[in-house]
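*Asks:* So that you have it, the file is query12.pdb, and it contains PDB, C-alpha atoms and all ligand atoms:
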```
ATOM      1  CA  MET A   1      11.504 -29.160 -23.257
ATOM      2  CA  SER A   2      13.470 -32.347 -23.877
ATOM      3  CA  GLU A   3      12.091 -35.685 -22.844
ATOM      4  CA  ALA A   4      15.024 -36.196 -20.499
ATOM      5  CA  ALA A   5      14.083 -33.001 -18.708
ATOM      6  CA  GLN A   6      10.538 -34.241 -18.091
ATOM      7  CA  THR A   7      11.274 -37.711 -16.865
ATOM      8  CA  LEU A   8      12.378 -39.014 -13.529
ATOM      9  CA  ALA A   9      15.933 -40.254 -13.895
ATOM     10  CA  PRO A  10      15.507 -44.015 -14.372
ATOM     11  CA  ASP A  11      18.631 -45.294 -12.695
ATOM     12  CA  SER A  12      22.182 -44.266 -12.052
ATOM     13  CA  ILE A  13      23.743 -46.985 -14.255
ATOM     14  CA  ASP A  14      22.548 -45.187 -17.432
ATOM     15  CA  ALA A  15      24.557 -42.051 -16.680
ATOM     16  CA  PRO A  16      27.728 -41.331 -18.672
ATOM     17  CA  ALA A  17      30.848 -42.606 -16.912
ATOM     18  CA  SER A  18      32.486 -39.172 -16.976
ATOM     19  CA  GLU A  19      29.776 -37.508 -14.826
ATOM     20  CA  PHE A  20      28.213 -38.252 -11.503
ATOM     21  CA  PRO A  21      25.071 -40.330 -12.007
ATOM     22  CA  ILE A  22      21.634 -38.781 -11.700
ATOM     23  CA  PRO A  23      20.148 -40.432  -8.591
ATOM     24  CA  ALA A  24      17.095 -42.597  -9.173
ATOM     25  CA  GLY A  25      13.684 -41.038  -8.549
ATOM     26  CA  VAL A  26      14.852 -37.434  -8.947
ATOM     27  CA  PHE A  27      13.924 -34.970 -11.710
ATOM     28  CA  ALA A  28      16.924 -33.796 -13.740
ATOM     29  CA  GLU A  29      15.936 -30.392 -15.169
ATOM     30  CA  LYS A  30      17.699 -27.849 -17.361
ATOM     31  CA  VAL A  31      18.515 -24.309 -16.278
ATOM     32  CA  VAL A  32      16.650 -21.873 -18.551
ATOM     33  CA  SER A  33      17.887 -18.540 -17.184
ATOM     34  CA  VAL A  34      19.854 -17.040 -14.308
ATOM     35  CA  GLN A  35      19.694 -13.472 -13.002
ATOM     36  CA  HIS A  36      22.095 -12.140 -10.399
ATOM     37  CA  TYR A  37      20.762  -9.276  -8.288
ATOM     38  CA  THR A  38      23.627  -8.728  -5.851
ATOM     39  CA  ASP A  39      26.672 -10.650  -4.663
ATOM     40  CA  ARG A  40      24.313 -12.353  -2.165
ATOM     41  CA  LEU A  41      21.143 -12.970  -4.193
ATOM     42  CA  PHE A  42      20.156 -14.534  -7.515
ATOM     43  CA  ARG A  43      17.230 -16.209  -9.162
ATOM     44  CA  PHE A  44      17.143 -19.098 -11.607
ATOM     45  CA  ARG A  45      14.498 -20.707 -13.748
ATOM     46  CA  ILE A  46      14.452 -24.368 -14.760
ATOM     47  CA  THR A  47      12.348 -26.527 -17.041
ATOM     48  CA  ARG A  48       9.242 -27.941 -15.374
ATOM     49  CA  PRO A  49       8.546 -31.666 -15.496
ATOM     50  CA  GLN A  50       5.141 -32.172 -17.105
ATOM     51  CA  SER A  51       3.981 -34.374 -14.246
ATOM     52  CA  PHE A  52       5.077 -31.958 -11.495
ATOM     53  CA  ARG A  53       2.223 -30.306  -9.569
ATOM     54  CA  PHE A  54       2.548 -28.076  -6.502
ATOM     55  CA  ARG A  55       0.463 -25.735  -4.388
ATOM     56  CA  SER A  56       1.454 -22.058  -4.319
ATOM     57  CA  GLY A  57       3.764 -21.498  -1.341
ATOM     58  CA  GLU A  58       5.240 -25.011  -1.229
ATOM     59  CA  PHE A  59       8.927 -25.890  -1.405
ATOM     60  CA  VAL A  60      10.956 -28.653  -3.067
ATOM     61  CA  MET A  61      14.401 -30.087  -2.444
ATOM     62  CA  ILE A  62      16.989 -28.858  -4.969
ATOM     63  CA  GLY A  63      20.469 -30.249  -5.622
ATOM     64  CA  LEU A  64      23.206 -30.495  -8.245
ATOM     65  CA  PRO A  65      24.623 -33.569 -10.008
ATOM     66  CA  ASN A  66      28.114 -32.730  -8.733
ATOM     67  CA  ALA A  67      28.648 -35.587  -6.272
ATOM     68  CA  ALA A  68      27.807 -39.251  -5.833
ATOM     69  CA  LYS A  69      25.491 -38.188  -3.003
ATOM     70  CA  PRO A  70      24.222 -34.718  -3.911
ATOM     71  CA  VAL A  71      23.465 -32.151  -1.209
ATOM     72  CA  TYR A  72      19.810 -31.004  -1.284
ATOM     73  CA  ARG A  73      18.316 -27.855   0.207
ATOM     74  CA  ALA A  74      14.724 -26.673   0.516
ATOM     75  CA  TYR A  75      13.656 -24.069  -2.035
ATOM     76  CA  SER A  76      10.244 -22.455  -2.212
ATOM     77  CA  VAL A  77       8.824 -22.449  -5.712
ATOM     78  CA  ALA A  78       8.608 -18.754  -6.591
ATOM     79  CA  SER A  79       6.734 -19.164  -9.870
ATOM     80  CA  PRO A  80       2.961 -19.500 -10.076
ATOM     81  CA  SER A  81       1.414 -22.946 -10.579
ATOM     82  CA  TRP A  82       0.345 -22.094 -14.155
ATOM     83  CA  ASP A  83       3.901 -21.227 -15.284
ATOM     84  CA  GLU A  84       5.548 -23.727 -17.617
ATOM     85  CA  GLU A  85       8.932 -23.129 -15.951
ATOM     86  CA  LEU A  86       9.898 -23.237 -12.272
ATOM     87  CA  GLU A  87      11.526 -20.214 -10.635
ATOM     88  CA  PHE A  88      13.660 -20.146  -7.487
ATOM     89  CA  TYR A  89      15.212 -17.251  -5.582
ATOM     90  CA  SER A  90      18.419 -18.004  -3.736
ATOM     91  CA  ILE A  91      21.023 -16.679  -1.396
ATOM     92  CA  LYS A  92      24.716 -17.218  -2.259
ATOM     93  CA  VAL A  93      26.754 -18.496   0.658
ATOM     94  CA  GLN A  94      30.475 -18.631  -0.181
ATOM     95  CA  ASP A  95      31.077 -21.867   1.738
ATOM     96  CA  GLY A  96      27.467 -23.101   1.601
ATOM     97  CA  PRO A  97      27.440 -26.819   0.722
ATOM     98  CA  LEU A  98      24.964 -26.251  -2.122
ATOM     99  CA  THR A  99      24.950 -22.534  -2.927
ATOM    100  CA  GLN A 100      28.726 -22.188  -3.391
ATOM    101  CA  HIS A 101      28.140 -24.318  -6.526
ATOM    102  CA  LEU A 102      24.552 -23.375  -7.353
ATOM    103  CA  GLN A 103      25.474 -19.690  -7.723
ATOM    104  CA  LYS A 104      27.650 -20.671 -10.717
ATOM    105  CA  ILE A 105      24.946 -22.395 -12.779
ATOM    106  CA  LYS A 106      24.393 -21.319 -16.380
ATOM    107  CA  PRO A 107      21.596 -21.907 -18.885
ATOM    108  CA  GLY A 108      21.719 -25.514 -20.101
ATOM    109  CA  ASP A 109      23.173 -26.896 -16.847
ATOM    110  CA  THR A 110      21.323 -29.643 -14.971
ATOM    111  CA  VAL A 111      19.619 -29.098 -11.616
ATOM    112  CA  LEU A 112      18.203 -31.961  -9.552
ATOM    113  CA  MET A 113      14.788 -31.712  -7.950
ATOM    114  CA  ARG A 114      13.155 -34.239  -5.668
ATOM    115  CA  PRO A 115       9.629 -34.897  -6.891
ATOM    116  CA  LYS A 116       7.523 -34.199  -3.782
ATOM    117  CA  PRO A 117       6.623 -30.600  -2.902
ATOM    118  CA  THR A 118       5.595 -29.782   0.669
ATOM    119  CA  GLY A 119       5.225 -26.874   3.100
ATOM    120  CA  THR A 120       2.925 -24.919   5.400
ATOM    121  CA  LEU A 121       2.723 -21.538   3.607
ATOM    122  CA  VAL A 122      -0.338 -22.723   1.720
ATOM    123  CA  HIS A 123      -3.947 -21.589   1.662
ATOM    124  CA  ASP A 124      -5.165 -24.831   3.230
ATOM    125  CA  ALA A 125      -3.200 -24.108   6.429
ATOM    126  CA  LEU A 126      -5.069 -20.850   7.093
ATOM    127  CA  THR A 127      -8.647 -20.426   8.251
ATOM    128  CA  PRO A 128     -10.681 -17.819   6.320
ATOM    129  CA  GLY A 129     -10.011 -14.147   7.108
ATOM    130  CA  LYS A 130     -10.353 -10.678   5.612
ATOM    131  CA  ARG A 131      -6.716  -9.706   5.194
ATOM    132  CA  VAL A 132      -3.614 -11.841   4.670
ATOM    133  CA  TRP A 133      -0.180 -10.536   5.621
ATOM    134  CA  MET A 134       2.801 -12.058   3.796
ATOM    135  CA  ILE A 135       5.822 -11.108   5.872
ATOM    136  CA  ALA A 136       9.158 -11.723   4.159
ATOM    137  CA  THR A 137      12.782 -10.893   4.834
ATOM    138  CA  GLY A 138      15.588 -11.651   2.362
ATOM    139  CA  THR A 139      14.888 -14.697   0.192
ATOM    140  CA  GLY A 140      11.783 -15.335   2.293
ATOM    141  CA  ILE A 141       9.824 -13.511  -0.401
ATOM    142  CA  ALA A 142      10.035 -16.561  -2.711
ATOM    143  CA  PRO A 143       6.875 -18.437  -1.618
ATOM    144  CA  PHE A 144       4.923 -15.176  -1.699
ATOM    145  CA  ALA A 145       6.091 -14.538  -5.273
ATOM    146  CA  SER A 146       4.057 -17.632  -6.114
ATOM    147  CA  LEU A 147       1.114 -16.879  -3.823
ATOM    148  CA  ILE A 148       0.513 -13.299  -5.017
ATOM    149  CA  ARG A 149       0.182 -14.658  -8.562
ATOM    150  CA  ASP A 150      -2.377 -17.277  -7.502
ATOM    151  CA  PRO A 151      -6.018 -16.292  -8.174
ATOM    152  CA  GLU A 152      -7.060 -18.274  -5.068
ATOM    153  CA  THR A 153      -5.276 -15.673  -2.914
ATOM    154  CA  TYR A 154      -7.639 -12.985  -4.242
ATOM    155  CA  GLU A 155     -10.685 -15.269  -3.886
ATOM    156  CA  LYS A 156      -9.875 -16.080  -0.292
ATOM    157  CA  PHE A 157      -8.868 -12.612   0.963
ATOM    158  CA  ASP A 158     -10.135  -9.075   0.334
ATOM    159  CA  GLU A 159      -6.725  -7.571   1.063
ATOM    160  CA  ILE A 160      -3.206  -8.889   0.627
ATOM    161  CA  VAL A 161      -0.261  -7.119   2.263
ATOM    162  CA  LEU A 162       3.212  -8.201   1.172
ATOM    163  CA  THR A 163       6.083  -6.864   3.272
ATOM    164  CA  ASN A 164       9.584  -7.197   1.850
ATOM    165  CA  THR A 165      12.379  -6.174   4.223
ATOM    166  CA  CYS A 166      16.029  -6.471   3.188
ATOM    167  CA  ARG A 167      19.370  -5.126   4.272
ATOM    168  CA  ASP A 168      19.808  -2.734   1.350
ATOM    169  CA  VAL A 169      17.984  -1.280  -1.643
ATOM    170  CA  ALA A 170      19.532  -3.612  -4.244
ATOM    171  CA  GLU A 171      18.159  -6.605  -2.346
ATOM    172  CA  LEU A 172      14.609  -5.286  -2.778
ATOM    173  CA  ALA A 173      14.861  -5.512  -6.594
ATOM    174  CA  TYR A 174      13.392  -9.001  -6.954
ATOM    175  CA  GLY A 175      10.237  -8.108  -5.021
ATOM    176  CA  ASN A 176       9.936  -4.663  -6.581
ATOM    177  CA  GLU A 177      10.152  -6.077 -10.118
ATOM    178  CA  LEU A 178       7.705  -8.842  -9.287
ATOM    179  CA  VAL A 179       5.027  -6.474  -7.993
ATOM    180  CA  ALA A 180       5.571  -3.959 -10.823
ATOM    181  CA  ALA A 181       5.117  -6.724 -13.407
ATOM    182  CA  LEU A 182       1.982  -7.949 -11.673
ATOM    183  CA  ARG A 183       0.463  -4.456 -11.639
ATOM    184  CA  ASP A 184       1.048  -4.244 -15.412
ATOM    185  CA  ASP A 185      -0.481  -7.652 -16.036
ATOM    186  CA  PRO A 186      -3.383  -7.268 -18.487
ATOM    187  CA  LEU A 187      -5.421 -10.008 -16.795
ATOM    188  CA  ILE A 188      -5.086  -9.357 -13.074
ATOM    189  CA  GLY A 189      -3.344  -5.963 -12.963
ATOM    190  CA  GLU A 190      -6.470  -4.111 -11.920
ATOM    191  CA  LEU A 191      -7.277  -6.612  -9.180
ATOM    192  CA  VAL A 192      -3.712  -6.386  -7.889
ATOM    193  CA  GLU A 193      -3.767  -2.575  -7.979
ATOM    194  CA  THR A 194      -6.726  -2.396  -5.616
ATOM    195  CA  ARG A 195      -6.188  -5.456  -3.417
ATOM    196  CA  LEU A 196      -2.426  -5.950  -3.035
ATOM    197  CA  LYS A 197      -0.473  -3.606  -0.782
ATOM    198  CA  TYR A 198       3.295  -3.831  -1.077
ATOM    199  CA  VAL A 199       5.576  -2.515   1.675
ATOM    200  CA  ALA A 200       9.320  -2.539   0.862
ATOM    201  CA  ALA A 201      11.814  -1.493   3.527
ATOM    202  CA  THR A 202      15.523  -1.614   4.270
ATOM    203  CA  THR A 203      17.447  -1.912   7.507
ATOM    204  CA  ARG A 204      21.042  -1.039   6.606
ATOM    205  CA  GLU A 205      20.837   1.396   3.696
ATOM    206  CA  THR A 206      18.841   4.609   3.622
ATOM    207  CA  SER A 207      15.572   4.267   1.698
ATOM    208  CA  PRO A 208      12.079   5.796   1.885
ATOM    209  CA  LEU A 209      10.994   3.203   4.484
ATOM    210  CA  MET A 210      13.429   1.900   7.051
ATOM    211  CA  GLY A 211      13.432  -0.471  10.014
ATOM    212  CA  ARG A 212      13.055  -4.137  10.884
ATOM    213  CA  ILE A 213       9.579  -5.562  10.394
ATOM    214  CA  THR A 214       9.485  -6.438  14.094
ATOM    215  CA  THR A 215      10.152  -2.800  15.026
ATOM    216  CA  ARG A 216       7.454  -1.572  12.654
ATOM    217  CA  ILE A 217       4.927  -4.053  14.076
ATOM    218  CA  GLU A 218       5.799  -3.123  17.656
ATOM    219  CA  ASP A 219       5.712   0.660  17.162
ATOM    220  CA  GLY A 220       2.565   0.400  15.046
ATOM    221  CA  SER A 221       4.057   2.220  12.045
ATOM    222  CA  LEU A 222       3.404  -0.766   9.774
ATOM    223  CA  PHE A 223      -0.335  -0.525  10.434
ATOM    224  CA  ALA A 224      -0.494   3.290  10.517
ATOM    225  CA  GLY A 225       1.299   3.485   7.171
ATOM    226  CA  LEU A 226      -1.402   1.319   5.605
ATOM    227  CA  GLY A 227      -4.287   2.886   7.515
ATOM    228  CA  VAL A 228      -5.342  -0.415   9.097
ATOM    229  CA  GLU A 229      -5.781  -1.685  12.648
ATOM    230  CA  PRO A 230      -3.068  -3.835  14.309
ATOM    231  CA  PHE A 231      -3.272  -7.639  13.991
ATOM    232  CA  ASN A 232      -6.675  -8.943  15.015
ATOM    233  CA  PRO A 233      -7.454 -12.692  15.073
ATOM    234  CA  ASP A 234     -10.956 -12.043  13.687
ATOM    235  CA  VAL A 235      -9.654 -10.237  10.617
ATOM    236  CA  ASP A 236      -5.992 -10.966   9.929
ATOM    237  CA  ARG A 237      -4.130 -14.030   8.754
ATOM    238  CA  VAL A 238      -0.320 -14.005   8.666
ATOM    239  CA  MET A 239       2.264 -15.966   6.671
ATOM    240  CA  ILE A 240       5.902 -15.521   7.729
ATOM    241  CA  CYS A 241       9.080 -16.499   5.863
ATOM    242  CA  GLY A 242      12.654 -15.502   6.683
ATOM    243  CA  SER A 243      15.640 -16.416   8.842
ATOM    244  CA  MET A 244      15.259 -18.437  12.042
ATOM    245  CA  ASP A 245      15.669 -15.345  14.228
ATOM    246  CA  MET A 246      13.145 -13.359  12.228
ATOM    247  CA  LEU A 247      10.605 -16.219  12.396
ATOM    248  CA  ARG A 248      10.992 -16.487  16.144
ATOM    249  CA  ASP A 249      10.588 -12.754  16.724
ATOM    250  CA  VAL A 250       7.704 -12.151  14.310
ATOM    251  CA  LYS A 251       5.924 -15.267  15.570
ATOM    252  CA  ALA A 252       6.122 -13.967  19.145
ATOM    253  CA  LEU A 253       4.526 -10.656  18.095
ATOM    254  CA  VAL A 254       1.768 -12.360  16.133
ATOM    255  CA  GLU A 255       1.018 -14.687  19.057
ATOM    256  CA  LYS A 256       0.976 -11.719  21.400
ATOM    257  CA  ALA A 257      -1.811 -10.307  19.209
ATOM    258  CA  GLY A 258      -3.773 -13.516  19.860
ATOM    259  CA  LEU A 259      -3.321 -15.372  16.583
ATOM    260  CA  VAL A 260      -2.958 -19.167  16.713
ATOM    261  CA  GLU A 261      -0.490 -21.077  14.544
ATOM    262  CA  GLY A 262      -1.890 -23.398  11.866
ATOM    263  CA  SER A 263      -0.711 -26.291   9.736
ATOM    264  CA  VAL A 264      -2.135 -28.178   6.786
ATOM    265  CA  SER A 265      -3.623 -30.815   9.094
ATOM    266  CA  ASN A 266      -4.868 -28.212  11.578
ATOM    267  CA  PRO A 267      -5.500 -24.811   9.903
ATOM    268  CA  GLY A 268      -5.020 -21.689  12.013
ATOM    269  CA  GLN A 269      -4.507 -17.939  11.873
ATOM    270  CA  PHE A 270      -0.803 -17.813  11.016
ATOM    271  CA  VAL A 271       1.869 -20.040   9.476
ATOM    272  CA  VAL A 272       5.677 -19.898   9.363
ATOM    273  CA  GLU A 273       8.398 -21.285   7.107
ATOM    274  CA  ARG A 274      12.129 -20.917   7.259
ATOM    275  CA  ALA A 275      13.756 -19.408   4.158
ATOM    276  CA  PHE A 276      16.666 -21.372   2.789
ATOM    277  CA  VAL A 277      19.965 -20.468   4.450
ATOM    278  CA  GLY A 278      22.954 -22.552   3.319
TER     279      GLY A 278
HETATM  280  P1  LIG B 301      19.196  -6.303   9.934
HETATM  281  O1  LIG B 301      19.832  -5.605   8.767
HETATM  282  O2  LIG B 301      18.889  -5.387  11.076
HETATM  283  O3  LIG B 301      19.948  -7.538  10.358
HETATM  284  P2  LIG B 301      19.148 -11.492   6.208
HETATM  285  O4  LIG B 301      19.508 -11.181   4.784
HETATM  286  O5  LIG B 301      20.298 -11.510   7.163
HETATM  287  O6  LIG B 301      18.240 -12.698   6.339
HETATM  288  O7  LIG B 301      18.270 -10.252   6.687
HETATM  289  C1  LIG B 301      17.150  -9.846   5.954
HETATM  290  C2  LIG B 301      16.434  -8.792   6.723
HETATM  291  O8  LIG B 301      15.893  -9.372   7.926
HETATM  292  C3  LIG B 301      17.327  -7.663   7.174
HETATM  293  O9  LIG B 301      16.637  -6.449   6.949
HETATM  294  C4  LIG B 301      17.533  -7.929   8.648
HETATM  295  O10 LIG B 301      17.734  -6.771   9.422
HETATM  296  C5  LIG B 301      16.211  -8.544   9.016
HETATM  297  N1  LIG B 301      16.258  -9.334  10.246
HETATM  298  C6  LIG B 301      17.263 -10.134  10.690
HETATM  299  N2  LIG B 301      16.955 -10.692  11.879
HETATM  300  C7  LIG B 301      15.727 -10.245  12.197
HETATM  301  C8  LIG B 301      14.861 -10.457  13.307
HETATM  302  N3  LIG B 301      15.203 -11.260  14.332
HETATM  303  N4  LIG B 301      13.669  -9.836  13.311
HETATM  304  C9  LIG B 301      13.315  -9.026  12.277
HETATM  305  N5  LIG B 301      14.083  -8.773  11.211
HETATM  306  C10 LIG B 301      15.283  -9.381  11.161
END
```
Once you've parsed the file, please lay out its structure as C-alpha cells.
Ligand code: A2P
*Replies:*
Amino acid sequence: MSEAAQTLAPDSIDAPASEFPIPAGVFAEKVVSVQHYTDRLFRFRITRPQSFRFRSGEFVMIGLPNAAKPVYRAYSVASPSWDEELEFYSIKVQDGPLTQHLQKIKPGDTVLMRPKPTGTLVHDALTPGKRVWMIATGTGIAPFASLIRDPETYEKFDEIVLTNTCRDVAELAYGNELVAALRDDPLIGELVETRLKYVAATTRETSPLMGRITTRIEDGSLFAGLGVEPFNPDVDRVMICGSMDMLRDVKALVEKAGLVEGSVSNPGQFVVERAFVG
C-alpha cells in the first residue's frame, strides 16, 4: 500500500493541475480489484487506510475525484473489520450521479472515502436475543457480508439467518459465493455450518425458492422452511437492508410481530438501513 493511499489528502493545492484536486480531509484510495456480476451489480475492493477503523455493518461515504465538488454516496463496508482491504458492493445506475462513473473504475484508479463510518446495522443497536435475522434485498446484502464474518455475531447470537432476495439468479451470485467461501473457511467454517442459515430467493426468474421476502414472512413459509417459529420479540432480532419500499414493508411486518426499533443510542429489537440507490 503506498503512503499516499494511507494518508488523508493534505490539501487541494498539492494536486496536479491536470486533474481535479483531492478534497482536504478525505482518504484517496486505490482500486485493487473489480468484479462485475450483472449489468446492474458489481463489487470493488480498495486499499484500506491504516488508521481507518469501522464496526461491522457500518457505511462510509464514497466518491470519485472527477469533479471539483465530488458526489458522495453511502456505501456499507462489505468486508470484515480484520481485512486489509475494503470491499463494497454496488448497483450500476446508468444516469446515477456517482454510479454511472463508478461502474467504470479499474484497478489502480483512485476512489475517495470520507473518514467517518456510521450506521445503525451494528451489534450495539440490538438488545441481546437468541436468533438474528439479516434481511437483505439487492445490494442490501453488503453490511451483512461484513457482519457474518464478524466473530462477535456468533458470540452474541446462537443462530444467524441471512436472507438474500433478488430479482434473478445471477444477482444472487455475490451472496452465494460469500456464504460458500465462509463455509469452507478453515477457522470458522464449522461454526458457520451449524449456526448460519442462508436463504436465497428470486422474484422474477424461476429458482428453487421464489417470492418476495414480505410474502414469505406473511404466509409463514420463511419460518416453516427453516423449522422455526415466526418472529417473537423474546427470541428474535432483525436487521433489514434494501430499497425504501422494502424497508417500509418489512418494518411494518416486524412491528406487527411486536418488535421495537433500536438505534445505537437506544438499542432495540430491530434496525433498518437503506441500501445505496443512485
Ligand atoms: P420484485 O422483483 O417483485 O420487485 P431491487 O433490485 O429493485 O432493489 O429489488 C430487489 C428485490 O427486492 C427484488 O426481489 C424485489 O422484488 C424485492 N422488492 C422490491 N420491493 C419490495 C418490497 N416493497 N417488499 C419486499 N421486497 C421488495
*Asks:* Given the point (8.5, -19.8, -7.6) in the coordinates of this file, which residues lie within 7 Å, counting all atoms listed in the file, and how would they look as a PyMOL selection string?
*Replies:* chain A and resi 76-80+86-88+142-143+145-146
*Asks:* Counting all atoms listed in the file, which of A:Ala181, A:Ile105, A:Met210, A:Ile141 gets nearest to Val169 (chain A)?
*Replies:*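 That would be A:Met210, the residue with the smallest distance to Val169 (chain A).
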*Asks:* Would you list the residues that come within 6 Å of ligand LIG 301 (chain B)? Count only C-alpha atoms and all ligand atoms and give the answer as a PyMOL selection string.
*Replies:* chain A and resi 137-138+165-167+202-204+212-214+243+245-246+249
*Asks:* Just give me the residues with any atom within 8 Å of (14.4, -17.3, 4.0), file coordinates, counting all atoms listed in the file, written as a list in words.
*Replies:*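 In the file's frame, the residues around the point are Ala136, Thr137, Gly138, Thr139, Gly140, Ile141, Cys241, Gly242, Ser243, Glu273, Arg274, Ala275, Phe276 and Val277 of chain A.
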*Asks:* Between A:Met134, A:Leu147, A:Ala200, A:Val161, single out the one closest to Glu177 (chain A), counting all atoms listed in the file.
*Replies:*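 Nearest to Glu177 (chain A): A:Ala200.
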*Asks:* Specify as a VMD selection string each residue included when the PyMOL selection byres (((chain A and resi 238) around 6) and not hetatm) is applied to this file.
*Replies:* chain A and resid 132 to 133 237 239 270
*Asks:* For the structure provided, state which residues fall under the PyMOL selection byres (((chain A and resi 30) around 9) and not hetatm), and present them as a ChimeraX atom specification.
*Replies:* /A:1-2,5,28-29,31-32,45-48,107-112
*Asks:* With distances taken over all atoms listed in the file, which residue among A:Ala170, A:Val192, A:Ile62, A:Leu247 lies nearest Val271 (chain A)?
*Replies:*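 With all atoms listed in the file as the atom set, the closest residue is A:Leu247.
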*Asks:* What residues come out when you apply the PyMOL selection byres (((chain A and resi 40) around 12) and not hetatm) to this file, written as a ChimeraX atom specification?
*Replies:* /A:35-39,41-43,89-94,96,99-100,103,138-139,166-168,170-171,277-278
*Asks:* Taking into account only C-alpha atoms, which residue in the set A:Phe59, A:Arg114, A:Leu259, A:Pro21 is nearest to Pro230 (chain A)?
*Replies:*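 For Pro230 (chain A), the nearest of the candidates is A:Leu259.
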*Asks:* So how far away is CA of Gly227 (chain A) from CA of Lys156 (chain A), in Å?
*Replies:*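 A separation of 21.3 Å between them.
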*Asks:* From the list A:Asn176, A:Asn66, A:Asn164, A:Thr215, which residue is nearest His101 (chain A) when using all atoms listed in the file?
*Replies:* A:Asn66
*Asks:* To one decimal place in Å, what is the distance between CA of Arg216 (chain A) and CA of Ala201 (chain A)?
*Replies:* 10.1 Å
*Asks:* Would you list the contacts of Val122 (chain A) as a list of chain:residue names, taking every protein, DNA or RNA residue within 7 Å and counting all atoms listed in the file, but skipping same-chain residues closer than 6 positions in sequence?
*Replies:*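 Here the qualifying residues turn out to be A:Arg55, A:Ser56, A:Gly57, A:Glu58.
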*Asks:* Which distance in Å separates CA of Asn232 (chain A) and CA of Val179 (chain A), to one decimal?
*Replies:*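 Rounded to one decimal, the two atoms are 25.9 Å apart.
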